[in-house]
$ cat work.txt   # compact mmCIF, N, CA and C atoms
# COMPACT_ATOMS: atom_id res chain seq x y z
N MET S 30 -4.03 -12.09 5.97
CA MET S 30 -5.17 -11.58 5.21
C MET S 30 -6.48 -12.02 5.84
N ASP S 31 -6.47 -13.12 6.57
CA ASP S 31 -7.71 -13.56 7.24
C ASP S 31 -8.26 -12.47 8.16
N LEU S 32 -7.39 -11.83 8.93
CA LEU S 32 -7.84 -10.77 9.84
C LEU S 32 -8.34 -9.56 9.08
N ALA S 33 -7.67 -9.20 8.00
CA ALA S 33 -8.12 -8.07 7.18
C ALA S 33 -9.48 -8.37 6.56
N LEU S 34 -9.68 -9.59 6.09
CA LEU S 34 -10.99 -9.97 5.55
C LEU S 34 -12.08 -9.93 6.62
N ALA S 35 -11.74 -10.34 7.82
CA ALA S 35 -12.72 -10.26 8.93
C ALA S 35 -13.10 -8.81 9.20
N GLU S 36 -12.13 -7.92 9.15
CA GLU S 36 -12.42 -6.49 9.34
C GLU S 36 -13.27 -5.95 8.19
N ALA S 37 -12.99 -6.40 6.98
CA ALA S 37 -13.77 -5.97 5.82
C ALA S 37 -15.22 -6.45 5.93
N ARG S 38 -15.40 -7.70 6.36
CA ARG S 38 -16.77 -8.21 6.53
C ARG S 38 -17.52 -7.43 7.61
N ALA S 39 -16.83 -7.10 8.69
CA ALA S 39 -17.46 -6.31 9.76
C ALA S 39 -17.82 -4.92 9.25
N ALA S 40 -16.96 -4.34 8.42
CA ALA S 40 -17.27 -3.03 7.83
C ALA S 40 -18.52 -3.12 6.96
N ALA S 41 -18.61 -4.16 6.15
CA ALA S 41 -19.78 -4.34 5.29
C ALA S 41 -21.05 -4.47 6.12
N ALA S 42 -20.96 -5.19 7.23
CA ALA S 42 -22.12 -5.36 8.10
C ALA S 42 -22.58 -4.03 8.69
N ARG S 43 -21.66 -3.08 8.80
CA ARG S 43 -21.99 -1.74 9.32
C ARG S 43 -22.43 -0.80 8.20
N GLY S 44 -22.45 -1.29 6.95
CA GLY S 44 -22.82 -0.46 5.82
C GLY S 44 -21.67 0.30 5.20
N GLU S 45 -20.46 -0.04 5.59
CA GLU S 45 -19.26 0.60 5.04
C GLU S 45 -18.76 -0.20 3.85
N VAL S 46 -18.03 0.43 2.96
CA VAL S 46 -17.37 -0.30 1.89
C VAL S 46 -16.45 -1.32 2.55
N PRO S 47 -16.55 -2.60 2.16
CA PRO S 47 -15.82 -3.66 2.86
C PRO S 47 -14.32 -3.72 2.57
N VAL S 48 -13.60 -2.87 3.28
CA VAL S 48 -12.14 -2.88 3.21
C VAL S 48 -11.64 -3.03 4.63
N GLY S 49 -10.69 -3.95 4.80
CA GLY S 49 -10.09 -4.17 6.10
C GLY S 49 -8.58 -4.09 6.01
N ALA S 50 -7.95 -3.68 7.11
CA ALA S 50 -6.50 -3.54 7.14
C ALA S 50 -5.96 -4.01 8.48
N VAL S 51 -4.74 -4.56 8.42
CA VAL S 51 -4.05 -5.03 9.62
C VAL S 51 -2.59 -4.59 9.53
N VAL S 52 -2.03 -4.15 10.66
CA VAL S 52 -0.61 -3.83 10.73
C VAL S 52 0.04 -4.84 11.66
N THR S 53 1.07 -5.52 11.15
CA THR S 53 1.81 -6.50 11.95
C THR S 53 3.28 -6.10 11.99
N ASP S 54 3.94 -6.46 13.10
CA ASP S 54 5.38 -6.18 13.19
C ASP S 54 6.17 -7.32 12.57
N ALA S 55 7.49 -7.23 12.66
CA ALA S 55 8.36 -8.21 12.02
C ALA S 55 8.15 -9.63 12.55
N ALA S 56 7.69 -9.74 13.79
CA ALA S 56 7.43 -11.05 14.39
C ALA S 56 6.04 -11.58 14.05
N GLY S 57 5.25 -10.78 13.35
CA GLY S 57 3.89 -11.19 13.00
C GLY S 57 2.85 -10.83 14.03
N THR S 58 3.25 -10.07 15.04
CA THR S 58 2.32 -9.63 16.08
C THR S 58 1.42 -8.54 15.52
N VAL S 59 0.13 -8.68 15.74
CA VAL S 59 -0.82 -7.67 15.28
C VAL S 59 -0.74 -6.45 16.18
N LEU S 60 -0.42 -5.32 15.58
CA LEU S 60 -0.37 -4.05 16.31
C LEU S 60 -1.71 -3.32 16.23
N ALA S 61 -2.39 -3.47 15.10
CA ALA S 61 -3.67 -2.78 14.91
C ALA S 61 -4.43 -3.43 13.77
N ARG S 62 -5.73 -3.29 13.83
CA ARG S 62 -6.61 -3.77 12.76
C ARG S 62 -7.82 -2.85 12.70
N ALA S 63 -8.34 -2.67 11.49
CA ALA S 63 -9.47 -1.76 11.32
C ALA S 63 -10.20 -2.05 10.03
N GLY S 64 -11.44 -1.63 10.00
CA GLY S 64 -12.24 -1.65 8.78
C GLY S 64 -12.63 -0.22 8.46
N ASN S 65 -13.09 0.01 7.26
CA ASN S 65 -13.53 1.36 6.88
C ASN S 65 -14.54 1.90 7.88
N GLU S 66 -14.45 3.19 8.17
CA GLU S 66 -15.41 3.89 9.04
C GLU S 66 -15.77 5.25 8.46
N VAL S 67 -15.71 5.37 7.15
CA VAL S 67 -15.98 6.63 6.47
C VAL S 67 -17.39 7.13 6.78
N GLU S 68 -18.37 6.25 6.66
CA GLU S 68 -19.76 6.66 6.88
C GLU S 68 -20.03 6.93 8.36
N ALA S 69 -19.59 6.06 9.22
CA ALA S 69 -19.85 6.22 10.66
C ALA S 69 -19.23 7.49 11.22
N ARG S 70 -18.03 7.80 10.77
CA ARG S 70 -17.33 9.00 11.27
C ARG S 70 -17.63 10.24 10.45
N ARG S 71 -18.29 10.04 9.30
CA ARG S 71 -18.50 11.14 8.36
C ARG S 71 -17.16 11.82 8.05
N ASP S 72 -16.19 10.97 7.76
CA ASP S 72 -14.81 11.41 7.55
C ASP S 72 -14.24 10.67 6.35
N PRO S 73 -14.03 11.37 5.24
CA PRO S 73 -13.54 10.70 4.04
C PRO S 73 -12.13 10.13 4.18
N SER S 74 -11.42 10.48 5.24
CA SER S 74 -10.08 9.91 5.45
C SER S 74 -10.10 8.69 6.37
N ALA S 75 -11.28 8.26 6.81
CA ALA S 75 -11.37 7.13 7.75
C ALA S 75 -11.34 5.79 7.02
N HIS S 76 -10.38 5.66 6.12
CA HIS S 76 -10.15 4.39 5.43
C HIS S 76 -9.52 3.41 6.40
N ALA S 77 -9.72 2.14 6.16
CA ALA S 77 -9.19 1.10 7.03
C ALA S 77 -7.68 1.25 7.24
N GLU S 78 -6.97 1.54 6.16
CA GLU S 78 -5.51 1.67 6.25
C GLU S 78 -5.11 2.81 7.18
N MET S 79 -5.75 3.96 7.00
CA MET S 79 -5.43 5.13 7.83
C MET S 79 -5.69 4.84 9.31
N LEU S 80 -6.82 4.21 9.59
CA LEU S 80 -7.17 3.90 10.98
C LEU S 80 -6.18 2.91 11.59
N ALA S 81 -5.82 1.89 10.83
CA ALA S 81 -4.89 0.88 11.33
C ALA S 81 -3.49 1.47 11.53
N LEU S 82 -3.03 2.28 10.59
CA LEU S 82 -1.71 2.91 10.71
C LEU S 82 -1.65 3.82 11.93
N ARG S 83 -2.67 4.63 12.12
CA ARG S 83 -2.71 5.53 13.28
C ARG S 83 -2.73 4.74 14.59
N ALA S 84 -3.53 3.69 14.63
CA ALA S 84 -3.61 2.87 15.86
C ALA S 84 -2.30 2.15 16.13
N ALA S 85 -1.61 1.72 15.09
CA ALA S 85 -0.33 1.02 15.27
C ALA S 85 0.73 1.95 15.85
N THR S 86 0.79 3.18 15.36
CA THR S 86 1.77 4.12 15.92
C THR S 86 1.40 4.49 17.34
N ALA S 87 0.12 4.60 17.63
CA ALA S 87 -0.31 4.89 19.00
C ALA S 87 0.07 3.75 19.94
N ALA S 88 -0.11 2.53 19.47
CA ALA S 88 0.24 1.36 20.29
C ALA S 88 1.73 1.29 20.55
N ARG S 89 2.50 1.69 19.57
CA ARG S 89 3.96 1.66 19.70
C ARG S 89 4.54 2.89 20.37
N GLY S 90 3.82 3.99 20.30
CA GLY S 90 4.36 5.24 20.82
C GLY S 90 5.48 5.78 19.95
N ASN S 91 5.41 5.48 18.66
CA ASN S 91 6.45 5.89 17.72
C ASN S 91 5.77 6.20 16.39
N LYS S 92 6.26 7.21 15.69
CA LYS S 92 5.62 7.59 14.43
C LYS S 92 6.02 6.73 13.24
N ALA S 93 7.06 5.94 13.37
CA ALA S 93 7.54 5.12 12.26
C ALA S 93 7.23 3.64 12.49
N LEU S 94 6.93 2.96 11.40
CA LEU S 94 6.60 1.53 11.45
C LEU S 94 7.49 0.77 10.47
N GLY S 95 8.79 1.05 10.53
CA GLY S 95 9.74 0.54 9.56
C GLY S 95 9.92 -0.96 9.49
N ASP S 96 9.51 -1.68 10.51
CA ASP S 96 9.62 -3.14 10.48
C ASP S 96 8.27 -3.81 10.27
N CYS S 97 7.27 -3.03 9.88
CA CYS S 97 5.89 -3.53 9.84
C CYS S 97 5.36 -3.75 8.43
N THR S 98 4.33 -4.58 8.39
CA THR S 98 3.59 -4.85 7.15
C THR S 98 2.16 -4.35 7.30
N LEU S 99 1.69 -3.67 6.30
CA LEU S 99 0.29 -3.26 6.20
C LEU S 99 -0.37 -4.22 5.24
N THR S 100 -1.32 -4.99 5.73
CA THR S 100 -2.07 -5.93 4.90
C THR S 100 -3.48 -5.37 4.74
N VAL S 101 -3.93 -5.24 3.51
CA VAL S 101 -5.23 -4.62 3.24
C VAL S 101 -5.94 -5.40 2.13
N THR S 102 -7.25 -5.45 2.21
CA THR S 102 -8.02 -6.26 1.27
C THR S 102 -8.14 -5.65 -0.13
N LEU S 103 -7.90 -4.35 -0.26
CA LEU S 103 -8.02 -3.66 -1.54
C LEU S 103 -6.77 -2.81 -1.76
N GLU S 104 -6.32 -2.74 -2.99
CA GLU S 104 -5.18 -1.89 -3.33
C GLU S 104 -5.40 -0.50 -2.73
N PRO S 105 -4.45 -0.01 -1.95
CA PRO S 105 -4.63 1.31 -1.33
C PRO S 105 -4.83 2.43 -2.36
N CYS S 106 -5.68 3.36 -2.00
CA CYS S 106 -5.90 4.55 -2.81
C CYS S 106 -4.64 5.43 -2.70
N PRO S 107 -4.54 6.48 -3.49
CA PRO S 107 -3.36 7.35 -3.40
C PRO S 107 -3.13 7.91 -1.99
N MET S 108 -4.19 8.31 -1.30
CA MET S 108 -4.04 8.85 0.06
C MET S 108 -3.42 7.81 0.99
N CYS S 109 -3.93 6.60 0.96
CA CYS S 109 -3.45 5.55 1.86
C CYS S 109 -2.06 5.05 1.46
N ALA S 110 -1.80 5.00 0.17
CA ALA S 110 -0.47 4.60 -0.29
C ALA S 110 0.58 5.61 0.19
N GLN S 111 0.26 6.88 0.06
CA GLN S 111 1.20 7.91 0.52
C GLN S 111 1.35 7.87 2.03
N ALA S 112 0.25 7.63 2.75
CA ALA S 112 0.34 7.52 4.21
C ALA S 112 1.25 6.37 4.61
N ALA S 113 1.14 5.24 3.93
CA ALA S 113 2.01 4.10 4.24
C ALA S 113 3.48 4.49 4.06
N SER S 114 3.75 5.30 3.05
CA SER S 114 5.11 5.79 2.83
C SER S 114 5.55 6.70 3.98
N PHE S 115 4.68 7.61 4.39
CA PHE S 115 5.02 8.52 5.48
C PHE S 115 5.20 7.79 6.81
N PHE S 116 4.45 6.71 7.01
CA PHE S 116 4.59 5.90 8.23
C PHE S 116 5.81 4.99 8.14
N ARG S 117 6.48 4.99 6.99
CA ARG S 117 7.69 4.19 6.76
C ARG S 117 7.44 2.69 6.84
N ILE S 118 6.27 2.26 6.40
CA ILE S 118 5.92 0.84 6.39
C ILE S 118 6.94 0.06 5.55
N ARG S 119 7.33 -1.09 6.02
CA ARG S 119 8.29 -1.94 5.31
C ARG S 119 7.65 -2.59 4.08
N GLN S 120 6.41 -3.09 4.27
CA GLN S 120 5.75 -3.82 3.19
C GLN S 120 4.26 -3.51 3.17
N VAL S 121 3.72 -3.38 1.97
CA VAL S 121 2.28 -3.26 1.75
C VAL S 121 1.85 -4.50 0.99
N ALA S 122 0.95 -5.27 1.58
CA ALA S 122 0.40 -6.46 0.93
C ALA S 122 -1.10 -6.21 0.75
N PHE S 123 -1.60 -6.37 -0.45
CA PHE S 123 -3.02 -6.14 -0.66
C PHE S 123 -3.64 -7.26 -1.48
N GLY S 124 -4.96 -7.35 -1.38
CA GLY S 124 -5.70 -8.41 -2.05
C GLY S 124 -6.16 -8.02 -3.44
N ALA S 125 -7.32 -7.41 -3.52
CA ALA S 125 -7.91 -7.05 -4.82
C ALA S 125 -7.22 -5.82 -5.40
N TYR S 126 -7.05 -5.85 -6.72
CA TYR S 126 -6.53 -4.69 -7.43
C TYR S 126 -7.68 -3.70 -7.65
N ASP S 127 -7.36 -2.41 -7.72
CA ASP S 127 -8.36 -1.38 -7.91
C ASP S 127 -7.99 -0.50 -9.10
N PRO S 128 -8.36 -0.94 -10.32
CA PRO S 128 -8.00 -0.18 -11.52
C PRO S 128 -8.54 1.25 -11.52
N LYS S 129 -9.67 1.48 -10.86
CA LYS S 129 -10.28 2.81 -10.87
C LYS S 129 -9.70 3.73 -9.80
N GLY S 130 -9.53 3.23 -8.59
CA GLY S 130 -9.14 4.12 -7.49
C GLY S 130 -7.83 3.78 -6.81
N GLY S 131 -7.13 2.78 -7.31
CA GLY S 131 -5.88 2.38 -6.68
C GLY S 131 -4.78 3.41 -6.86
N GLY S 132 -3.83 3.38 -5.94
CA GLY S 132 -2.73 4.33 -6.00
C GLY S 132 -1.37 3.68 -6.01
N VAL S 133 -1.35 2.34 -6.08
CA VAL S 133 -0.08 1.62 -6.05
C VAL S 133 0.25 1.07 -7.43
N GLU S 134 -0.57 0.16 -7.92
CA GLU S 134 -0.36 -0.44 -9.24
C GLU S 134 -1.16 0.28 -10.33
N HIS S 135 -2.09 1.11 -9.92
CA HIS S 135 -2.96 1.84 -10.85
C HIS S 135 -2.96 3.32 -10.50
N GLY S 136 -3.62 4.11 -11.34
CA GLY S 136 -3.81 5.53 -11.05
C GLY S 136 -2.51 6.28 -10.79
N ALA S 137 -2.41 6.88 -9.63
CA ALA S 137 -1.29 7.75 -9.28
C ALA S 137 0.05 7.03 -9.19
N ARG S 138 0.03 5.72 -8.93
CA ARG S 138 1.27 4.95 -8.78
C ARG S 138 2.25 5.71 -7.87
N VAL S 139 1.79 5.95 -6.66
CA VAL S 139 2.50 6.78 -5.69
C VAL S 139 3.96 6.38 -5.52
N TYR S 140 4.24 5.10 -5.44
CA TYR S 140 5.60 4.66 -5.15
C TYR S 140 6.55 4.81 -6.33
N ALA S 141 6.02 5.04 -7.52
CA ALA S 141 6.85 5.25 -8.70
C ALA S 141 7.19 6.73 -8.90
N ALA S 142 6.55 7.60 -8.14
CA ALA S 142 6.78 9.04 -8.29
C ALA S 142 8.13 9.44 -7.68
N PRO S 143 8.86 10.31 -8.34
CA PRO S 143 10.15 10.74 -7.80
C PRO S 143 10.01 11.48 -6.46
N SER S 144 8.83 12.01 -6.18
CA SER S 144 8.61 12.72 -4.92
C SER S 144 8.37 11.78 -3.74
N CYS S 145 8.26 10.49 -4.00
CA CYS S 145 8.03 9.52 -2.93
C CYS S 145 9.37 9.20 -2.26
N HIS S 146 9.49 9.56 -0.99
CA HIS S 146 10.75 9.41 -0.27
C HIS S 146 10.98 8.03 0.31
N HIS S 147 9.94 7.30 0.60
CA HIS S 147 10.08 5.93 1.13
C HIS S 147 9.18 5.01 0.31
N VAL S 148 9.78 4.00 -0.29
CA VAL S 148 9.03 3.05 -1.11
C VAL S 148 9.02 1.70 -0.41
N PRO S 149 7.84 1.27 0.06
CA PRO S 149 7.76 -0.04 0.69
C PRO S 149 7.78 -1.15 -0.35
N GLU S 150 8.10 -2.34 0.10
CA GLU S 150 7.94 -3.52 -0.74
C GLU S 150 6.44 -3.69 -0.96
N VAL S 151 6.03 -4.07 -2.15
CA VAL S 151 4.61 -4.23 -2.47
C VAL S 151 4.36 -5.66 -2.94
N VAL S 152 3.33 -6.28 -2.36
CA VAL S 152 2.88 -7.60 -2.78
C VAL S 152 1.38 -7.48 -3.06
N GLY S 153 1.01 -7.57 -4.31
CA GLY S 153 -0.39 -7.46 -4.69
C GLY S 153 -1.00 -8.81 -5.02
N GLY S 154 -2.32 -8.88 -4.94
CA GLY S 154 -3.03 -10.09 -5.33
C GLY S 154 -3.09 -11.17 -4.26
N VAL S 155 -2.87 -10.82 -3.01
CA VAL S 155 -2.94 -11.80 -1.91
C VAL S 155 -4.41 -12.14 -1.67
N ARG S 156 -4.77 -13.39 -1.92
CA ARG S 156 -6.17 -13.84 -1.81
C ARG S 156 -7.10 -12.92 -2.59
N GLU S 157 -6.63 -12.55 -3.75
CA GLU S 157 -7.34 -11.60 -4.60
C GLU S 157 -8.80 -11.98 -4.85
N SER S 158 -9.05 -13.24 -5.16
CA SER S 158 -10.43 -13.65 -5.48
C SER S 158 -11.35 -13.50 -4.28
N ASP S 159 -10.89 -13.82 -3.08
CA ASP S 159 -11.71 -13.66 -1.87
C ASP S 159 -12.02 -12.19 -1.61
N CYS S 160 -11.00 -11.36 -1.75
CA CYS S 160 -11.17 -9.93 -1.50
C CYS S 160 -12.09 -9.29 -2.54
N ALA S 161 -11.88 -9.64 -3.79
CA ALA S 161 -12.70 -9.08 -4.87
C ALA S 161 -14.15 -9.54 -4.75
N ALA S 162 -14.36 -10.79 -4.38
CA ALA S 162 -15.72 -11.32 -4.25
C ALA S 162 -16.49 -10.57 -3.18
N LEU S 163 -15.84 -10.25 -2.08
CA LEU S 163 -16.49 -9.51 -1.00
C LEU S 163 -16.93 -8.13 -1.49
N LEU S 164 -16.09 -7.46 -2.22
CA LEU S 164 -16.43 -6.14 -2.76
C LEU S 164 -17.55 -6.23 -3.79
N ARG S 165 -17.46 -7.22 -4.70
CA ARG S 165 -18.50 -7.39 -5.72
C ARG S 165 -19.86 -7.63 -5.09
N ALA S 166 -19.89 -8.51 -4.09
CA ALA S 166 -21.17 -8.84 -3.41
C ALA S 166 -21.75 -7.62 -2.73
N PHE S 167 -20.89 -6.82 -2.09
CA PHE S 167 -21.35 -5.62 -1.40
C PHE S 167 -22.00 -4.66 -2.38
N PHE S 168 -21.32 -4.37 -3.49
CA PHE S 168 -21.85 -3.41 -4.44
C PHE S 168 -23.03 -3.96 -5.23
N ALA S 169 -23.08 -5.25 -5.48
CA ALA S 169 -24.22 -5.86 -6.17
C ALA S 169 -25.49 -5.71 -5.33
N ALA S 170 -25.34 -5.86 -4.02
CA ALA S 170 -26.49 -5.73 -3.11
C ALA S 170 -26.99 -4.27 -3.05
N ARG S 171 -26.15 -3.33 -3.35
CA ARG S 171 -26.50 -1.91 -3.31
C ARG S 171 -27.22 -1.46 -4.58
N ARG S 172 -27.10 -2.25 -5.66
CA ARG S 172 -27.69 -1.84 -6.94
C ARG S 172 -29.10 -2.26 -7.08
$ encode --input "work.txt" --output "structure tokens"
Amino acid sequence: MDLALAEARAAAARGEVPVGAVVTDAAGTVLARAGNEVEARRDPSAHAEMLALRAATAARGNKALGDCTLTVTLEPCPMCAQAASFFRIRQVAFGAYDPKGGGVEHGARVYAAPSCHHVPEVVGGVRESDCAALLRAFFAARR
């Protein structure tokens, strides 16, 4: 989570919503890391998770990440949760819960849907207070 938080802080410094993501393999080797780039790319799909997942498959030369963990500072939205399923991620670990926009424990609950073909292991609340504090500070400064 330290690396994901570093990516989130870098995203905030660029004016992006501070969300960071890291993909690691079974040995703990970092395959990819990213922070949000929605504003910079003018692309609503440029979430940290999407960027990290795409970079990890590019690094591996394989479309599946079945032995990998996606660590992200905020509960993935429905788009990112579904993408993690399509990438066949083994585990999704996230920090802060997102009651409004989350897609794992809240909202769409993507992995509970019968249409979800691959359900990763989910670990929520990893360094939750650190992740939530970063988001609160970012949005407080914007108000």
$ closest_residue --input "work.txt" --among "S:Pro47, S:Met79, S:Ala84, S:Gly132" --to "Leu164 in chain S" --atoms "only N, CA and C atoms"
S:Pro47
$ closest_residue --input "work.txt" --among "S:Ala61, S:Ala112, S:Leu32, S:Ala75" --to "Ala87 in chain S" --atoms "only C-alpha atoms"
S:Ala61
$ residues_around --input "work.txt" --residues "Ala37 in chain S" --least-positions-apart "6" --cutoff "8 Å" --atoms "all atoms listed in the file" --output "short mmCIF file (atom, residue, chain, number, x, y, z; two decimals) with N, CA and C atoms, in the frame of the given file"
data_model
loop_
_atom_site.label_atom_id
_atom_site.label_comp_id
_atom_site.auth_asym_id
_atom_site.auth_seq_id
_atom_site.Cartn_x
_atom_site.Cartn_y
_atom_site.Cartn_z
N ASP S 31 -6.47 -13.12 6.57
CA ASP S 31 -7.71 -13.56 7.24
C ASP S 31 -8.26 -12.47 8.16
N ARG S 43 -21.66 -3.08 8.80
CA ARG S 43 -21.99 -1.74 9.32
C ARG S 43 -22.43 -0.80 8.20
N GLU S 45 -20.46 -0.04 5.59
CA GLU S 45 -19.26 0.60 5.04
C GLU S 45 -18.76 -0.20 3.85
N VAL S 46 -18.03 0.43 2.96
CA VAL S 46 -17.37 -0.30 1.89
C VAL S 46 -16.45 -1.32 2.55
N PRO S 47 -16.55 -2.60 2.16
CA PRO S 47 -15.82 -3.66 2.86
C PRO S 47 -14.32 -3.72 2.57
N VAL S 48 -13.60 -2.87 3.28
CA VAL S 48 -12.14 -2.88 3.21
C VAL S 48 -11.64 -3.03 4.63
N GLY S 49 -10.69 -3.95 4.80
CA GLY S 49 -10.09 -4.17 6.10
C GLY S 49 -8.58 -4.09 6.01
N ALA S 50 -7.95 -3.68 7.11
CA ALA S 50 -6.50 -3.54 7.14
C ALA S 50 -5.96 -4.01 8.48
N ALA S 63 -8.34 -2.67 11.49
CA ALA S 63 -9.47 -1.76 11.32
C ALA S 63 -10.20 -2.05 10.03
N GLY S 64 -11.44 -1.63 10.00
CA GLY S 64 -12.24 -1.65 8.78
C GLY S 64 -12.63 -0.22 8.46
N ASN S 65 -13.09 0.01 7.26
CA ASN S 65 -13.53 1.36 6.88
C ASN S 65 -14.54 1.90 7.88
N THR S 102 -7.25 -5.45 2.21
CA THR S 102 -8.02 -6.26 1.27
C THR S 102 -8.14 -5.65 -0.13
N LEU S 163 -15.84 -10.25 -2.08
CA LEU S 163 -16.49 -9.51 -1.00
C LEU S 163 -16.93 -8.13 -1.49
#
$ residues_around --input "work.txt" --residues "range 135-140 of chain S" --least-positions-apart "4" --cutoff "7 Å" --atoms "only N, CA and C atoms" --output "list in words"
Pro107, Ala110, Gln111, Asp127, Pro128, Lys129, Gly130, Gly131, Cys145, His147, Val148 and Pro149 of chain S
$ write_last_selection --input "work.txt" --atoms "N, CA and C atoms" --output "short mmCIF file (atom, residue, chain, number, x, y, z; two decimals), in the coordinates of the input"
data_model
loop_
_atom_site.label_atom_id
_atom_site.label_comp_id
_atom_site.auth_asym_id
_atom_site.auth_seq_id
_atom_site.Cartn_x
_atom_site.Cartn_y
_atom_site.Cartn_z
N PRO S 107 -4.54 6.48 -3.49
CA PRO S 107 -3.36 7.35 -3.40
C PRO S 107 -3.13 7.91 -1.99
N ALA S 110 -1.80 5.00 0.17
CA ALA S 110 -0.47 4.60 -0.29
C ALA S 110 0.58 5.61 0.19
N GLN S 111 0.26 6.88 0.06
CA GLN S 111 1.20 7.91 0.52
C GLN S 111 1.35 7.87 2.03
N ASP S 127 -7.36 -2.41 -7.72
CA ASP S 127 -8.36 -1.38 -7.91
C ASP S 127 -7.99 -0.50 -9.10
N PRO S 128 -8.36 -0.94 -10.32
CA PRO S 128 -8.00 -0.18 -11.52
C PRO S 128 -8.54 1.25 -11.52
N LYS S 129 -9.67 1.48 -10.86
CA LYS S 129 -10.28 2.81 -10.87
C LYS S 129 -9.70 3.73 -9.80
N GLY S 130 -9.53 3.23 -8.59
CA GLY S 130 -9.14 4.12 -7.49
C GLY S 130 -7.83 3.78 -6.81
N GLY S 131 -7.13 2.78 -7.31
CA GLY S 131 -5.88 2.38 -6.68
C GLY S 131 -4.78 3.41 -6.86
N CYS S 145 8.26 10.49 -4.00
CA CYS S 145 8.03 9.52 -2.93
C CYS S 145 9.37 9.20 -2.26
N HIS S 147 9.94 7.30 0.60
CA HIS S 147 10.08 5.93 1.13
C HIS S 147 9.18 5.01 0.31
N VAL S 148 9.78 4.00 -0.29
CA VAL S 148 9.03 3.05 -1.11
C VAL S 148 9.02 1.70 -0.41
N PRO S 149 7.84 1.27 0.06
CA PRO S 149 7.76 -0.04 0.69
C PRO S 149 7.78 -1.15 -0.35
#
$ atom_distance --input "work.txt" --atom1 "CA of Gly90 in chain S" --atom2 "CA of Leu60 in chain S"
11.4 Å
